[in-house]
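A short write-up of the structure that comes next.
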Amino acid sequence: MGSARDFVDGSTYSSLGYAPVSSEHDHADLELLEGQIPAALQGVFARNSSNPKFTPPEPYHWFDGDGMIHAVSFEQGRASYRNRWVRTAGLAEDEAAGAATWTGLLARPDMARPGGPYKNTANTDLLYWNGQLLALWWLGGGMPYALSLPELSTVGPWTQAGTMTAHPKVDPRSGDLVFLDYAPTSSRVTHGTLTRDGQLTRTPVQLPGPRPQHDLALTEHYTILIDVSMFPDPRALARGKVHMSFFPDVPTRLGVFDRRTQRVRHWFEVPACYVYHFANAWELGEKIIVTACCMRDPLAYEPQPGRSDRVVPRIGHLRLEPQLVRWTLDLETGLAREDLLDDAMAEFPRVDDRRIGAPTRVAYLGSFAAREAFAFDGVRRIDLDSGAAIERRYPPGWLGGEVSVAPLGDAEDDVALLTFVSEEAGDRSELWVMAGRDLEILAKLAIPTRVPAGFHTRWVGADELAR
Ligand SMILES: [Fe+2]
């Protein structure tokens, strides 16, 4: 096991299963290793990742790498693979120089750099909107990049809604795109909606101070905003320094933003935590149910009382010990209740996207391996009523990623889960297709070239592609 320094300087996140690939490939007719491709599985599964094209300057942070999309297309029972870099403006500048020219997250930011200080790598998330795949960056203030499907050719920056963070969501009822944007030292977060016919609304929401933003949750009428208990220390900020701190005595707040009035109806207080990702949210009369992966001790350099002795994944200074919780927000009383749904360390929760904002029975999460590097050694299926869990582990020495949920039929459980599974110390990679109902293997396909570990995924069904 490496020292803490290894995880700060990124040597872990540039080797083994994280090591970038150096070329783009097209592989037709993937070999079926096991099972059968379900006849109803027609479309494209795509995953974003950090894949530096040029040797990055030290210290390297896993979030610094150029965006690369790995995708498998399913058509008439046959599958093909393709990977492409997202050709961002920042990557074009590196290509012109023949070297990495941007400073990373762990270096002193170059505030004078046009378009900087950080490179918008579009490396984090994927969304399908009006015929284009959008590659999104984790930091606010970045423009998404549009790519063509199934070619994965970069069309260019997608400017219709302006800048935004990763994790915009499409409301399956209205078809609206809902997103957030923020600046790291601003006390405002911007809530945005873009309708199918192009009407854009961007509404600023005041927070007590600058708060990191990453994800949002939707219900039929509301967007759930979060004011986490991890934020830049105000005393340091007053001296012009950004020092991220966790404040266990400052409750985390959930803002119920009404998209009809464009105002926050109420801020609910819940126990102090940091949240990367929501699973889903929905309305039940005057109550709102929110499910999310919650961390109570998120900074490696700032141990909270009673820090657990389990081995916890780290990316840079962030310590990832998430647990799935359910918050019940009562709009009549203004009070929130918290229930722990699953005590396993699991993240990257996904539901059937057709159920975003609607009552949901099941979420699927990546199960963290007990090690200091970010690695999923299994997938968990969690019943959001009872907390009952089913887990499927990957073979020893193999690691998986976020699953996307691909509908096979109308029922919530009638879905396939897709994820890349790769040998950590070798070159073999596979695409796994599992049944949402019981995590049984439906099919395994061989990918002829290595697929490194990565970030978020998206399933785009053939019906969406045809529209
Ligand atoms: Fe994310």
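Labels used: A, B, ... for chains in the order of the structure tokens, numbers from 1 for residues in each chain, and numbers from 1 for ligands as shown.
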* Residue neighbourhood Ala370 of chain A, 9 Å, only C-alpha atoms, exclusion window fewer than 6 positions, as a list in words -> Arg310, Val311, Val312, Pro313, Met345 and Asp377 of chain A
Export of the given selection (N, CA, C and O atoms) as a short mmCIF file (atom, residue, chain, number, x, y, z; two decimals), in the first residue's frame:
```
data_model
loop_
_atom_site.label_atom_id
_atom_site.label_comp_id
_atom_site.auth_asym_id
_atom_site.auth_seq_id
_atom_site.Cartn_x
_atom_site.Cartn_y
_atom_site.Cartn_z
N ARG A 310 -11.73 1.78 8.97
CA ARG A 310 -11.71 1.05 7.72
C ARG A 310 -10.90 1.81 6.67
O ARG A 310 -10.74 3.03 6.75
N VAL A 311 -10.39 1.07 5.70
CA VAL A 311 -9.60 1.68 4.64
C VAL A 311 -10.57 2.33 3.66
O VAL A 311 -11.51 1.68 3.19
N VAL A 312 -10.34 3.59 3.38
CA VAL A 312 -11.31 4.40 2.63
C VAL A 312 -10.64 4.95 1.37
O VAL A 312 -9.50 5.41 1.43
N PRO A 313 -11.33 4.91 0.22
CA PRO A 313 -10.73 5.47 -1.01
C PRO A 313 -10.48 6.96 -0.88
O PRO A 313 -11.24 7.68 -0.22
N MET A 345 -19.87 0.99 1.85
CA MET A 345 -19.29 2.14 1.15
C MET A 345 -19.60 1.97 -0.34
O MET A 345 -19.03 1.09 -1.00
N ASP A 377 -15.30 -2.78 -6.68
CA ASP A 377 -15.09 -4.23 -6.81
C ASP A 377 -16.40 -4.99 -6.92
O ASP A 377 -16.43 -6.21 -6.90
#
```
* Using only C-alpha atoms and all ligand atoms, what are the residues with an atom within 9 Å of ligand 1, set out as a list in words? -> Thr124, Asp125, Trp138, Ala166, His167, His214, Asp215, Tyr276, His277, Phe348, Phe455 and His456 of chain A
* Contacts of Arg355 of chain A within 9 Å, only C-alpha atoms, excl. fewer than 3 positions in-chain, as a list of chain:residue names -> A:Pro172, A:Asn280, A:Val351, A:Asp352, A:Ala358, A:Pro359, A:Thr360, A:Glu412
* To do: For Asn120 of chain A, work out the shell of residues within 8 Å, counting only C-alpha atoms and skipping chain neighbours fewer than 2 positions away, then give it as a list in words.
  =>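 The residues satisfying every condition are Thr88, Gly90, Tyr118, Ala122, Trp137, Gly142 and Met143 of chain A.
Note that atom CA of Gly140 of chain A and atom CA of Ala92 of chain A are 20.8 Å apart.
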